Amino acid sequence: MKNFFSQQNKILENFFFQALAQGVFPGAAMAVAEGTGSRRHRLISCWGETSYQDNAKQKINEKTFFDLASLTKPLATLPAVLSLMTAGKFGFDTNLEELLAVKVPPDKKKITLKDILTHRSGLAAYYPFYEQIKKARYQRVKKEITEIILDRPLAYPPGSRSVYSDLGFILAGFIVEEHSGKNLAAYVEEDFFCPLGIDEQLFFNFPGRVRPGIYAAGEYCLWRRRLLRGEVGDENCALLGGAAGHAGLFGSISAVVRLLEYMFDLGWGETGPASQDEFFKREYFLQCCRRWDESGKNTWAAGFDTPSPGNSSGGPYLSVESIGHLGYAGTSIWMDPRNKLIMVLLTNRVHPCRSNNKIKKIRPNFHRLVMEQLGMDN
């Protein structure tokens with residue numbers, strides 16, 4: 001195990017050099033953390049460059065910012081929701097009408113917060129709001145999106161099945177704003193990231209206010225007609241100004257692993273953070289780390305995914321207690337409490353085109369390789 005955490009891990013180096021040569025992505029950053037608290041070992045390594053364009057490429061390093069895409073859900077929106085739950089604003093069983101403080105149609109009255117977080121709300125997976133709504137002030141766009149979601153028929157009865165839904169987490173972002181009195185970005189950054197000391201490395205960007213730094217290039221966006229760098233790839237999030245419950249977060253590998261270490265120690269550390277440093281209750285977090293569907297058909301926990309039997313993106317060796325999430329731009333996180341293991345992979349596989357899906361084979365092989373080297377392959 002000691003050799004694994006050497007900064008010159010040749011096996012991982014060869015693996016990533018091959019991926020770069022195959023055009024899986026122009027650059028990548030990975031972090032592996034084993035153990036808890038002061039007995040944790042950590043390896044952060046970076047490969048490749050921010051872009052394929054000669055006049056715009058820079059070496060990936062620990063402070064390179066990546067579009068984290070759907071990692072926004074577990075890394076920003078979920079902590080914000082749990083913080084407000086800890087403050088007594090609402091609970092897992094609070095219904096949608098109370099959560100949004102608006103009148104909802106009869107077919108959606110039974111939707112609860114836990115339905116939204118576990119993707120069992122009945123809401124459709126996706127809707128191209130950006131094609132229908134003109135750019136306008138945030139509150140107007142937010143109102144129009146809410147009305148469309150509430151007016152559209154449900155895809156299935158709430159709680160009867162699971163469909164991964166951006167729409168549910170868009171509403172979750174609105175719920176945070178309704179009950180915190182702040183916009184989502186301000187609440188997450190000021191009340192959560194800043195006290196952890198990661199607010200300079202984990203944040204939302206806004207049009208005309210892209211934070212200075214080195215960014216892994218994104219895709220060429222057909223809607224915006226430009227190559228994205230420091231702008232969120234998700235069009236619906238861009239319509240909302242760059243910060244939403246389902247996407248918009250940017251971050252470095254060092255900040256992402258630091259946040260996950262905090263969560264891990266809160267949930268499974270031997271002592272956990274001091275009580276005054278807990279931004280949300282441990283019991284609420286641990287409730288989010290289990291599958292809520294007892295039938296076994298739905299792999300989703302609340303805000304996290306769990307390993308799919310036989311074909312998990314986390315590879316073949318994750319324990320059944322593991323939780324993780326993928327991001328469309330080429331990012332992923334996994335936490336395995338049984339093995340006391342955190343794995344983070346950040347890439348910009350969408351550069352310059354989102355149709356590049358080679359990462360689907362790379363992800364499970366990366367996690368398999370890490371766990372084999374750590375002797376966790378049983």
# chains A, B, ... in the order shown; residues from 1 in each chain; ligands from 1
call {"tool": "residues_around", "arguments": {"residues": "region 38-51 of chain A", "least_positions_apart": "2", "cutoff": "6 Å", "atoms": "only C-alpha atoms", "output": "list in words"}}
result
Phe5, Pro26, Gly27, Ala28, Ala29, Met30, Ala31, Val32, Ala33, Glu34, Gly35, Thr36, Gln53, Lys57, Gln58, Lys59, Ile60, Asn61, Ala216 and Ala217 of chain A
call {"tool": "write_last_selection", "arguments": {"atoms": "N, CA and C atoms", "output": "PDB file, in the first residue's frame"}}
result
ATOM      1  N   PHE A   5       0.995   4.949  -2.892  1.00  0.00           N
ATOM      2  CA  PHE A   5       0.896   6.382  -2.654  1.00  0.00           C
ATOM      3  C   PHE A   5       2.186   7.135  -2.994  1.00  0.00           C
ATOM      4  N   PRO A  26      -8.375  15.066 -23.265  1.00  0.00           N
ATOM      5  CA  PRO A  26      -7.071  15.744 -23.395  1.00  0.00           C
ATOM      6  C   PRO A  26      -6.302  15.801 -22.087  1.00  0.00           C
ATOM      7  N   GLY A  27      -7.008  15.713 -20.955  1.00  0.00           N
ATOM      8  CA  GLY A  27      -6.333  15.785 -19.669  1.00  0.00           C
ATOM      9  C   GLY A  27      -7.173  15.181 -18.566  1.00  0.00           C
ATOM     10  N   ALA A  28      -6.517  14.829 -17.448  1.00  0.00           N
ATOM     11  CA  ALA A  28      -7.220  14.209 -16.326  1.00  0.00           C
ATOM     12  C   ALA A  28      -6.498  14.497 -15.026  1.00  0.00           C
ATOM     13  N   ALA A  29      -7.276  14.494 -13.962  1.00  0.00           N
ATOM     14  CA  ALA A  29      -6.727  14.582 -12.606  1.00  0.00           C
ATOM     15  C   ALA A  29      -7.420  13.516 -11.777  1.00  0.00           C
ATOM     16  N   MET A  30      -6.645  12.821 -10.954  1.00  0.00           N
ATOM     17  CA  MET A  30      -7.239  11.775 -10.111  1.00  0.00           C
ATOM     18  C   MET A  30      -6.758  11.935  -8.682  1.00  0.00           C
ATOM     19  N   ALA A  31      -7.620  11.511  -7.757  1.00  0.00           N
ATOM     20  CA  ALA A  31      -7.256  11.498  -6.340  1.00  0.00           C
ATOM     21  C   ALA A  31      -7.734  10.191  -5.738  1.00  0.00           C
ATOM     22  N   VAL A  32      -6.884   9.603  -4.906  1.00  0.00           N
ATOM     23  CA  VAL A  32      -7.231   8.407  -4.143  1.00  0.00           C
ATOM     24  C   VAL A  32      -6.870   8.691  -2.692  1.00  0.00           C
ATOM     25  N   ALA A  33      -7.816   8.504  -1.792  1.00  0.00           N
ATOM     26  CA  ALA A  33      -7.573   8.708  -0.367  1.00  0.00           C
ATOM     27  C   ALA A  33      -8.022   7.458   0.370  1.00  0.00           C
ATOM     28  N   GLU A  34      -7.125   6.924   1.213  1.00  0.00           N
ATOM     29  CA  GLU A  34      -7.420   5.696   1.962  1.00  0.00           C
ATOM     30  C   GLU A  34      -7.229   5.967   3.448  1.00  0.00           C
ATOM     31  N   GLY A  35      -8.206   5.529   4.260  1.00  0.00           N
ATOM     32  CA  GLY A  35      -8.145   5.750   5.693  1.00  0.00           C
ATOM     33  C   GLY A  35      -9.058   6.887   6.110  1.00  0.00           C
ATOM     34  N   THR A  36      -8.969   7.283   7.367  1.00  0.00           N
ATOM     35  CA  THR A  36      -9.788   8.369   7.885  1.00  0.00           C
ATOM     36  C   THR A  36      -8.939   9.313   8.722  1.00  0.00           C
ATOM     37  N   GLN A  53      -6.009  22.178 -28.526  1.00  0.00           N
ATOM     38  CA  GLN A  53      -5.584  23.298 -29.362  1.00  0.00           C
ATOM     39  C   GLN A  53      -4.217  23.803 -28.907  1.00  0.00           C
ATOM     40  N   LYS A  57      -3.485  25.256 -24.925  1.00  0.00           N
ATOM     41  CA  LYS A  57      -3.275  24.153 -23.989  1.00  0.00           C
ATOM     42  C   LYS A  57      -2.320  24.536 -22.870  1.00  0.00           C
ATOM     43  N   GLN A  58      -2.627  24.035 -21.683  1.00  0.00           N
ATOM     44  CA  GLN A  58      -1.777  24.192 -20.504  1.00  0.00           C
ATOM     45  C   GLN A  58      -1.757  22.863 -19.764  1.00  0.00           C
ATOM     46  N   LYS A  59      -0.709  22.607 -19.025  1.00  0.00           N
ATOM     47  CA  LYS A  59      -0.603  21.361 -18.280  1.00  0.00           C
ATOM     48  C   LYS A  59      -1.677  21.300 -17.186  1.00  0.00           C
ATOM     49  N   ILE A  60      -2.318  20.156 -17.057  1.00  0.00           N
ATOM     50  CA  ILE A  60      -3.257  19.930 -15.960  1.00  0.00           C
ATOM     51  C   ILE A  60      -2.465  19.859 -14.656  1.00  0.00           C
ATOM     52  N   ASN A  61      -2.952  20.548 -13.630  1.00  0.00           N
ATOM     53  CA  ASN A  61      -2.334  20.432 -12.314  1.00  0.00           C
ATOM     54  C   ASN A  61      -3.406  20.368 -11.234  1.00  0.00           C
ATOM     55  N   ALA A 216      -9.892  23.442 -17.627  1.00  0.00           N
ATOM     56  CA  ALA A 216      -9.932  22.411 -18.656  1.00  0.00           C
ATOM     57  C   ALA A 216     -11.009  22.801 -19.656  1.00  0.00           C
ATOM     58  N   ALA A 217     -10.659  22.848 -20.925  1.00  0.00           N
ATOM     59  CA  ALA A 217     -11.600  23.301 -21.948  1.00  0.00           C
ATOM     60  C   ALA A 217     -12.790  22.360 -22.040  1.00  0.00           C
TER      61      ALA A 217
END
call {"tool": "residues_around", "arguments": {"residues": "region 77-83 of chain A", "least_positions_apart": "5", "cutoff": "7 Å", "atoms": "only C-alpha atoms", "output": "list in words"}}
result
Thr72, Gly173, Val176, Val188, Gly245, Phe279, Phe280, Tyr284 and Gly303 of chain A
call {"tool": "atom_distance", "arguments": {"atom1": "CA of Gly218 (chain A)", "atom2": "CA of Thr347 (chain A)"}}
result
9.8 Å
call {"tool": "closest_residue", "arguments": {"among": "A:Pro316, A:Ser254, A:Lys358, A:Phe4", "to": "Leu374 (chain A)", "atoms": "only C-alpha atoms"}}
result
A:Phe4
call {"tool": "select_by_dssp", "arguments": {"residues": "region 42-75 of chain A", "states": "helix (DSSP H, G or I)", "output": "JSON, numbers by chain"}}
result
{"A": [69, 70, 71, 72, 73, 74, 75]}
call {"tool": "closest_atom_pairs", "arguments": {"of": "region 194-288 of chain A", "to": "region 348-353 of chain A", "cutoff": "12 Å", "atoms": "only C-alpha atoms", "output": "CSV"}}
result
residue,atom,partner,partner_atom,distance
A:Tyr215,CA,A:Asn348,CA,9.8
A:Ala216,CA,A:Asn348,CA,6.3
A:Ala217,CA,A:His351,CA,6.2
A:Gly218,CA,A:His351,CA,4.8
A:Glu219,CA,A:Pro352,CA,4.3
A:Tyr220,CA,A:Pro352,CA,5.7
A:Cys221,CA,A:Cys353,CA,8.4
A:Leu222,CA,A:Cys353,CA,10.0
A:Arg226,CA,A:Pro352,CA,10.5
A:Leu227,CA,A:Pro352,CA,7.6
A:Leu228,CA,A:His351,CA,8.9
A:Arg229,CA,A:His351,CA,9.9
A:Gly230,CA,A:Asn348,CA,11.7
A:Val232,CA,A:Val350,CA,11.7
A:Gly233,CA,A:Val350,CA,8.9
A:Asp234,CA,A:Val350,CA,11.4
A:Phe250,CA,A:Asn348,CA,11.8
call {"tool": "write_last_selection", "arguments": {"atoms": "N, CA and C atoms", "output": "PDB file, in the first residue's frame"}}
result
ATOM      1  N   TYR A 215      -8.487  26.535 -16.669  1.00  0.00           N
ATOM      2  CA  TYR A 215      -9.677  25.715 -16.859  1.00  0.00           C
ATOM      3  C   TYR A 215      -9.434  24.638 -17.914  1.00  0.00           C
ATOM      4  N   ALA A 216      -9.892  23.442 -17.627  1.00  0.00           N
ATOM      5  CA  ALA A 216      -9.932  22.411 -18.656  1.00  0.00           C
ATOM      6  C   ALA A 216     -11.009  22.801 -19.656  1.00  0.00           C
ATOM      7  N   ALA A 217     -10.659  22.848 -20.925  1.00  0.00           N
ATOM      8  CA  ALA A 217     -11.600  23.301 -21.948  1.00  0.00           C
ATOM      9  C   ALA A 217     -12.790  22.360 -22.040  1.00  0.00           C
ATOM     10  N   GLY A 218     -13.950  22.929 -22.328  1.00  0.00           N
ATOM     11  CA  GLY A 218     -15.157  22.142 -22.514  1.00  0.00           C
ATOM     12  C   GLY A 218     -15.432  21.897 -23.986  1.00  0.00           C
ATOM     13  N   GLU A 219     -16.695  21.711 -24.303  1.00  0.00           N
ATOM     14  CA  GLU A 219     -17.092  21.405 -25.668  1.00  0.00           C
ATOM     15  C   GLU A 219     -17.322  22.673 -26.483  1.00  0.00           C
ATOM     16  N   TYR A 220     -17.449  22.479 -27.787  1.00  0.00           N
ATOM     17  CA  TYR A 220     -17.956  23.563 -28.629  1.00  0.00           C
ATOM     18  C   TYR A 220     -19.468  23.498 -28.536  1.00  0.00           C
ATOM     19  N   CYS A 221     -20.085  24.532 -27.980  1.00  0.00           N
ATOM     20  CA  CYS A 221     -21.527  24.541 -27.743  1.00  0.00           C
ATOM     21  C   CYS A 221     -22.253  25.072 -28.971  1.00  0.00           C
ATOM     22  N   LEU A 222     -23.121  24.256 -29.538  1.00  0.00           N
ATOM     23  CA  LEU A 222     -23.860  24.650 -30.730  1.00  0.00           C
ATOM     24  C   LEU A 222     -24.881  25.739 -30.415  1.00  0.00           C
ATOM     25  N   ARG A 226     -19.801  28.715 -29.435  1.00  0.00           N
ATOM     26  CA  ARG A 226     -18.418  28.986 -29.043  1.00  0.00           C
ATOM     27  C   ARG A 226     -17.885  27.822 -28.219  1.00  0.00           C
ATOM     28  N   LEU A 227     -16.568  27.734 -28.171  1.00  0.00           N
ATOM     29  CA  LEU A 227     -15.922  26.745 -27.327  1.00  0.00           C
ATOM     30  C   LEU A 227     -15.983  27.236 -25.885  1.00  0.00           C
ATOM     31  N   LEU A 228     -16.373  26.352 -24.985  1.00  0.00           N
ATOM     32  CA  LEU A 228     -16.582  26.740 -23.595  1.00  0.00           C
ATOM     33  C   LEU A 228     -15.302  26.542 -22.777  1.00  0.00           C
ATOM     34  N   ARG A 229     -15.005  27.538 -21.971  1.00  0.00           N
ATOM     35  CA  ARG A 229     -13.883  27.443 -21.037  1.00  0.00           C
ATOM     36  C   ARG A 229     -14.266  28.265 -19.800  1.00  0.00           C
ATOM     37  N   GLY A 230     -14.572  27.566 -18.724  1.00  0.00           N
ATOM     38  CA  GLY A 230     -15.040  28.251 -17.528  1.00  0.00           C
ATOM     39  C   GLY A 230     -16.529  28.527 -17.538  1.00  0.00           C
ATOM     40  N   VAL A 232     -20.335  26.660 -17.837  1.00  0.00           N
ATOM     41  CA  VAL A 232     -20.954  25.358 -17.674  1.00  0.00           C
ATOM     42  C   VAL A 232     -21.442  24.822 -19.018  1.00  0.00           C
ATOM     43  N   GLY A 233     -21.245  23.515 -19.232  1.00  0.00           N
ATOM     44  CA  GLY A 233     -21.675  22.912 -20.484  1.00  0.00           C
ATOM     45  C   GLY A 233     -23.178  22.736 -20.577  1.00  0.00           C
ATOM     46  N   ASP A 234     -23.832  22.426 -19.476  1.00  0.00           N
ATOM     47  CA  ASP A 234     -25.266  22.170 -19.467  1.00  0.00           C
ATOM     48  C   ASP A 234     -26.045  23.436 -19.850  1.00  0.00           C
ATOM     49  N   PHE A 250     -17.880  24.194 -10.566  1.00  0.00           N
ATOM     50  CA  PHE A 250     -16.524  24.003 -11.062  1.00  0.00           C
ATOM     51  C   PHE A 250     -15.618  23.721  -9.873  1.00  0.00           C
TER      52      PHE A 250
END
call {"tool": "closest_residue", "arguments": {"among": "A:Lys103, A:Lys108, A:Lys361, A:Arg224", "to": "Pro153 (chain A)", "atoms": "only C-alpha atoms"}}
result
A:Lys108
call {"tool": "select_by_dssp", "arguments": {"residues": "region 66-251 of chain A", "states": "strand (DSSP E or B)", "output": "PDB file with C-alpha atoms, in the first residue's frame"}}
result
ATOM      1  CA  PHE A  66     -13.043  21.252 -14.288  1.00  0.00           C
ATOM      2  CA  ASP A  67     -16.734  21.507 -15.117  1.00  0.00           C
ATOM      3  CA  ASN A  95     -44.244  17.566   0.190  1.00  0.00           C
ATOM      4  CA  THR A 112     -41.747  14.514  -1.311  1.00  0.00           C
ATOM      5  CA  LEU A 202     -14.970  24.988  -5.613  1.00  0.00           C
ATOM      6  CA  PHE A 203     -17.546  27.435  -6.960  1.00  0.00           C
ATOM      7  CA  PHE A 204     -20.145  28.409  -9.553  1.00  0.00           C
ATOM      8  CA  PHE A 206     -21.606  33.294 -13.901  1.00  0.00           C
ATOM      9  CA  ARG A 209     -17.830  36.670 -14.010  1.00  0.00           C
ATOM     10  CA  TYR A 215      -9.677  25.715 -16.859  1.00  0.00           C
ATOM     11  CA  TYR A 220     -17.956  23.563 -28.629  1.00  0.00           C
ATOM     12  CA  CYS A 221     -21.527  24.541 -27.743  1.00  0.00           C
ATOM     13  CA  ARG A 226     -18.418  28.986 -29.043  1.00  0.00           C
ATOM     14  CA  LEU A 227     -15.922  26.745 -27.327  1.00  0.00           C
ATOM     15  CA  LEU A 249     -20.185  23.588 -10.092  1.00  0.00           C
ATOM     16  CA  PHE A 250     -16.524  24.003 -11.062  1.00  0.00           C
ATOM     17  CA  GLY A 251     -13.667  22.672  -8.994  1.00  0.00           C
TER      18      GLY A 251
END
call {"tool": "atom_distance", "arguments": {"atom1": "CA of Val104 (chain A)", "atom2": "CA of Ile148 (chain A)"}}
result
11.4 Å
call {"tool": "residues_around", "arguments": {"residues": "region 319-324 of chain A", "least_positions_apart": "5", "cutoff": "10 Å", "atoms": "only C-alpha atoms", "output": "ChimeraX atom specification"}}
result
/A:71,74,288-291,299-309,313-314,332-344,376,378
call {"tool": "residues_around", "arguments": {"residues": "region 113-117 of chain A", "least_positions_apart": "3", "cutoff": "9 Å", "atoms": "only C-alpha atoms", "output": "VMD selection string"}}
result
chain A and resid 78 90 to 96 99 120 to 123 158 to 159 165 167 to 169 171 to 172 288 292 300 to 304
call {"tool": "atom_distance", "arguments": {"atom1": "CA of Met371 (chain A)", "atom2": "CA of Gly310 (chain A)"}}
result
16.1 Å
call {"tool": "residues_around", "arguments": {"residues": "Arg137 (chain A)", "least_positions_apart": "2", "cutoff": "10 Å", "atoms": "only C-alpha atoms", "output": "ChimeraX atom specification"}}
result
/A:134-135,139-142,239-241
call {"tool": "write_last_selection", "arguments": {"atoms": "N, CA and C atoms", "output": "PDB file, in the first residue's frame"}}
result
ATOM      1  N   LYS A 134     -36.670  32.337 -23.387  1.00  0.00           N
ATOM      2  CA  LYS A 134     -35.682  33.335 -23.776  1.00  0.00           C
ATOM      3  C   LYS A 134     -34.877  33.772 -22.551  1.00  0.00           C
ATOM      4  N   LYS A 135     -33.623  34.108 -22.791  1.00  0.00           N
ATOM      5  CA  LYS A 135     -32.788  34.591 -21.697  1.00  0.00           C
ATOM      6  C   LYS A 135     -33.402  35.847 -21.096  1.00  0.00           C
ATOM      7  N   GLN A 139     -34.995  35.550 -11.886  1.00  0.00           N
ATOM      8  CA  GLN A 139     -36.274  35.231 -11.247  1.00  0.00           C
ATOM      9  C   GLN A 139     -37.356  34.909 -12.276  1.00  0.00           C
ATOM     10  N   ARG A 140     -37.315  35.561 -13.408  1.00  0.00           N
ATOM     11  CA  ARG A 140     -38.305  35.285 -14.451  1.00  0.00           C
ATOM     12  C   ARG A 140     -38.062  33.907 -15.066  1.00  0.00           C
ATOM     13  N   VAL A 141     -36.793  33.591 -15.368  1.00  0.00           N
ATOM     14  CA  VAL A 141     -36.461  32.282 -15.923  1.00  0.00           C
ATOM     15  C   VAL A 141     -36.824  31.181 -14.927  1.00  0.00           C
ATOM     16  N   LYS A 142     -36.487  31.386 -13.669  1.00  0.00           N
ATOM     17  CA  LYS A 142     -36.810  30.420 -12.613  1.00  0.00           C
ATOM     18  C   LYS A 142     -38.313  30.168 -12.540  1.00  0.00           C
ATOM     19  N   LEU A 239     -28.840  28.753 -18.917  1.00  0.00           N
ATOM     20  CA  LEU A 239     -30.047  29.589 -18.970  1.00  0.00           C
ATOM     21  C   LEU A 239     -30.355  30.182 -17.606  1.00  0.00           C
ATOM     22  N   LEU A 240     -30.077  29.426 -16.549  1.00  0.00           N
ATOM     23  CA  LEU A 240     -30.309  29.882 -15.183  1.00  0.00           C
ATOM     24  C   LEU A 240     -29.157  30.719 -14.631  1.00  0.00           C
ATOM     25  N   GLY A 241     -28.217  31.073 -15.478  1.00  0.00           N
ATOM     26  CA  GLY A 241     -27.151  31.965 -15.058  1.00  0.00           C
ATOM     27  C   GLY A 241     -25.893  31.278 -14.584  1.00  0.00           C
TER      28      GLY A 241
END
